[in-house]
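Here the structure comes first, spelled out in structure tokens, and everything after it is commentary.
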Amino acid sequence: MTDLSAFPIAGKWPARHPDRIQLYSLPTPNGVKVSIVLEEMGLPYEPHLVSFETQDQMSPEFLSLNPNNKIPAIIDPNGPDGKPLPLFESGAILLYLAEKTGKLLPKDAAGRYETIQWLMFQVGGVGPMFGQLGFFHKFAGKEYEDKRPRDRYVHESRRLLGVLEQRMAGRQWLMGDEYTIADIAVWPWVRNLVGHYGAGELVEFGKFPNLRRVLDAFVARPAVAKGLEIPQRG
């Protein structure tokens, strides 16, 4: 049996199944990327809820795994060379798991890098911009009288949606017929923008029919429907 006692985080969230991938997360757009990809790949894993309400992400145990205090993070007990691998940053985790399993990433070099390109598009653009819009529209920032910060992120989010709309014209997924980790990175954020953030009207989401079509297909996948609820909130 794998021994995870060397990892302080295992003290706060004990592993009942230490031979499985340990997922430390919360069902946010970044968090569900990893639960969805694990479900899609059929990998055995054990989820642990990192509660923001109790500031779990600031605990010494969590910071020992991710010093940037963000979810998700994992420990793969069967990492490279058979050694446990701790890993944070959702984009890095998606890429690692795709390469580990040979799934959800094109085999040819050109397709591989094109997929990574769209993964980086989400990590560097979609996530930060949509997240800031959520802050200024729904959360503490909504109390600010000056709406220029909100509108800055509205315009940029709308621009990014336009890029995606153009990309998805005549395509089933970001890479055409092949469903990849790029889709698992992007669509939870689109879903969150128009759902949880309630910003659909602000960004004029009705003007992006391709995005609605693909988003509907994404959430209809059984692995996605399951992964969106993992870890279950307390």
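In the structure tokens, the first chain shown is A, the next is B, and so on; residue numbers restart at 1 for each chain, and ligands run from 1 in the order shown.
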What lies within 9 Å of Arg191 in chain A using only C-alpha atoms, ignoring chain neighbours under 5 positions off, as a list in words?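 Those residues are Pro29, Val186, His196, Leu215 and Val219 of chain A.
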Dump as a compact mmCIF listing (two decimals), in the first residue's frame, selection limited to N, CA, C and O atoms:
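Result file again_29.txt:
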```txt
# COMPACT_ATOMS: atom_id res chain seq x y z
N PRO A 29 -15.04 26.58 -11.29
CA PRO A 29 -14.64 26.31 -12.69
C PRO A 29 -13.25 25.69 -12.81
O PRO A 29 -13.05 24.82 -13.66
N VAL A 186 -12.02 24.96 -20.98
CA VAL A 186 -12.77 26.15 -21.40
C VAL A 186 -14.23 26.15 -20.96
O VAL A 186 -14.74 27.16 -20.41
N HIS A 196 -23.54 30.77 -12.83
CA HIS A 196 -23.28 31.23 -11.47
C HIS A 196 -23.04 32.73 -11.38
O HIS A 196 -23.53 33.39 -10.46
N LEU A 215 -21.72 24.31 -25.42
CA LEU A 215 -21.89 24.23 -23.97
C LEU A 215 -22.96 23.21 -23.61
O LEU A 215 -22.78 22.41 -22.67
N VAL A 219 -22.17 19.84 -21.20
CA VAL A 219 -22.79 19.50 -19.92
C VAL A 219 -23.64 18.24 -20.02
O VAL A 219 -23.99 17.65 -18.99
```
Among the residues of range 120-233 of chain A, find those DSSP assigns to helix (DSSP H, G or I) from the backbone and print them as a PyMOL selection string. chain A and resi 120-137+140-143+148-168+181-194+205-207+209-219+222-227
What residues in range 26-149 of chain A get the DSSP label strand (DSSP E or B)? Please answer as a PyMOL selection string. chain A and resi 45-49+73-76+85-88
Name all residues at most 7 Å from range 90-103 of chain A (count only C-alpha atoms; drop same-chain ones fewer than 3 positions away) and give them as a ChimeraX atom specification. /A:30,33-34,41,72,87,119,123,181
How far is it from CA of Ala220 in chain A to CA of Leu164 in chain A, in Å with one decimal?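 Distance reported for this atom pair: 19.5 Å.
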Contacts of Asn69 in chain A within 8 Å, only C-alpha atoms, excl. fewer than 6 positions in-chain, as a PDB file with N, CA and C atoms, in the first residue's frame:
```pdb
ATOM      1  N   GLN A  57      -7.869  26.507   2.345  1.00  0.00           N
ATOM      2  CA  GLN A  57      -6.800  26.734   1.370  1.00  0.00           C
ATOM      3  C   GLN A  57      -5.628  27.513   1.963  1.00  0.00           C
ATOM      4  N   MET A  58      -5.826  28.103   3.131  1.00  0.00           N
ATOM      5  CA  MET A  58      -4.761  28.851   3.800  1.00  0.00           C
ATOM      6  C   MET A  58      -4.099  28.040   4.909  1.00  0.00           C
ATOM      7  N   PHE A  62      -2.467  22.530   3.455  1.00  0.00           N
ATOM      8  CA  PHE A  62      -2.731  22.755   2.033  1.00  0.00           C
ATOM      9  C   PHE A  62      -1.589  23.527   1.387  1.00  0.00           C
ATOM     10  N   LEU A  63      -1.067  24.511   2.090  1.00  0.00           N
ATOM     11  CA  LEU A  63       0.036  25.300   1.542  1.00  0.00           C
ATOM     12  C   LEU A  63       1.289  24.460   1.320  1.00  0.00           C
TER      13      LEU A  63
END
```
Would you mind listing what lies within 12 Å of Gly176 in chain A as a ChimeraX atom specification, with only C-alpha atoms counted and same-chain residues fewer than 4 positions away left out? /A:106,111,114-115,167-172,180,182-183,214
Ranking A:Tyr144, A:Ile71, A:Phe7, A:Met175 by minimum distance to Leu85 in chain A and counting only C-alpha atoms, which one comes first?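 Comparing A:Tyr144, A:Ile71, A:Phe7, A:Met175 against Leu85 in chain A, the winner is A:Phe7.
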What does the distance from CA of Gly198 in chain A to CA of Lys138 in chain A come to in Å, to one decimal?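 Separating CA of Gly198 in chain A from CA of Lys138 in chain A is a distance of 7.5 Å.
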Which is closer to Ile116 in chain A than all the others in A:Gln55, A:Asp146, A:Ile184, A:Phe205, using only C-alpha atoms?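 Of A:Gln55, A:Asp146, A:Ile184, A:Phe205, the one nearest Ile116 in chain A is A:Ile184, counting only C-alpha atoms.
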Neighbours of Ile9 in chain A within 7 Å (only C-alpha atoms; same-chain residues fewer than 3 positions away dropped), as a VMD selection string? chain A and resid 12 to 13 61 to 62 64 to 65
Between CA of Glu165 in chain A and CA of Arg148 in chain A, what is the spacing in Å?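 Distance reported for this atom pair: 25.3 Å.
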With only C-alpha atoms as the basis for distance, which of A:Ala185, A:Tyr45, A:Asp151, A:Trp173 is at the shortest distance from Glu89 in chain A?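 Of all the options, A:Ala185 lies closest to Glu89 in chain A.
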Can you pull out every residue within 12 Å of Glu53 in chain A, counting only C-alpha atoms, but drop anything in the same chain fewer than 6 positions away, and send it as a ChimeraX atom specification? /A:26,233-234
Emit the selected residues as a CSV table (one decimal), in the first residue's frame, including all heavy atoms.
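Saved to again.csv:
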```csv
chain,number,residue,atom,x,y,z
A,26,LEU,N,-12.5,21.9,-4.9
A,26,LEU,CA,-13.9,22.5,-4.6
A,26,LEU,C,-14.5,22.7,-6.0
A,26,LEU,O,-13.8,22.9,-7.0
A,26,LEU,CB,-13.7,23.9,-4.0
A,26,LEU,CG,-14.9,24.6,-3.4
A,26,LEU,CD1,-15.5,23.9,-2.2
A,26,LEU,CD2,-14.6,26.1,-3.1
A,233,ARG,N,-20.0,19.6,-1.9
A,233,ARG,CA,-19.9,20.7,-0.8
A,233,ARG,C,-20.5,20.1,0.5
A,233,ARG,O,-21.5,19.4,0.5
A,233,ARG,CB,-20.6,21.9,-1.2
A,233,ARG,CG,-19.9,22.6,-2.4
A,233,ARG,CD,-20.7,23.9,-2.8
A,233,ARG,NE,-20.1,24.5,-4.0
A,233,ARG,CZ,-19.2,25.4,-4.0
A,233,ARG,NH1,-18.7,25.9,-2.9
A,233,ARG,NH2,-18.7,26.0,-5.1
A,234,GLY,N,-19.9,20.5,1.6
A,234,GLY,CA,-20.4,20.1,2.9
A,234,GLY,C,-21.7,20.7,3.3
A,234,GLY,O,-22.1,21.7,2.7
```
Among A:Gly162, A:Val224, A:Pro8, A:His155, Ser59 in chain A is approached most closely, using only C-alpha atoms, by A:Pro8
Pick from A:Thr28, A:Asp177, A:Pro47, A:Leu228 nearest to Pro14 in chain A, counting only C-alpha atoms: A:Pro47
The residue from A:Pro18, A:Phe88, A:Gly82, A:Ser25 with the smallest atom-to-atom distance to Asn66 in chain A, counting only C-alpha atoms, is A:Phe88
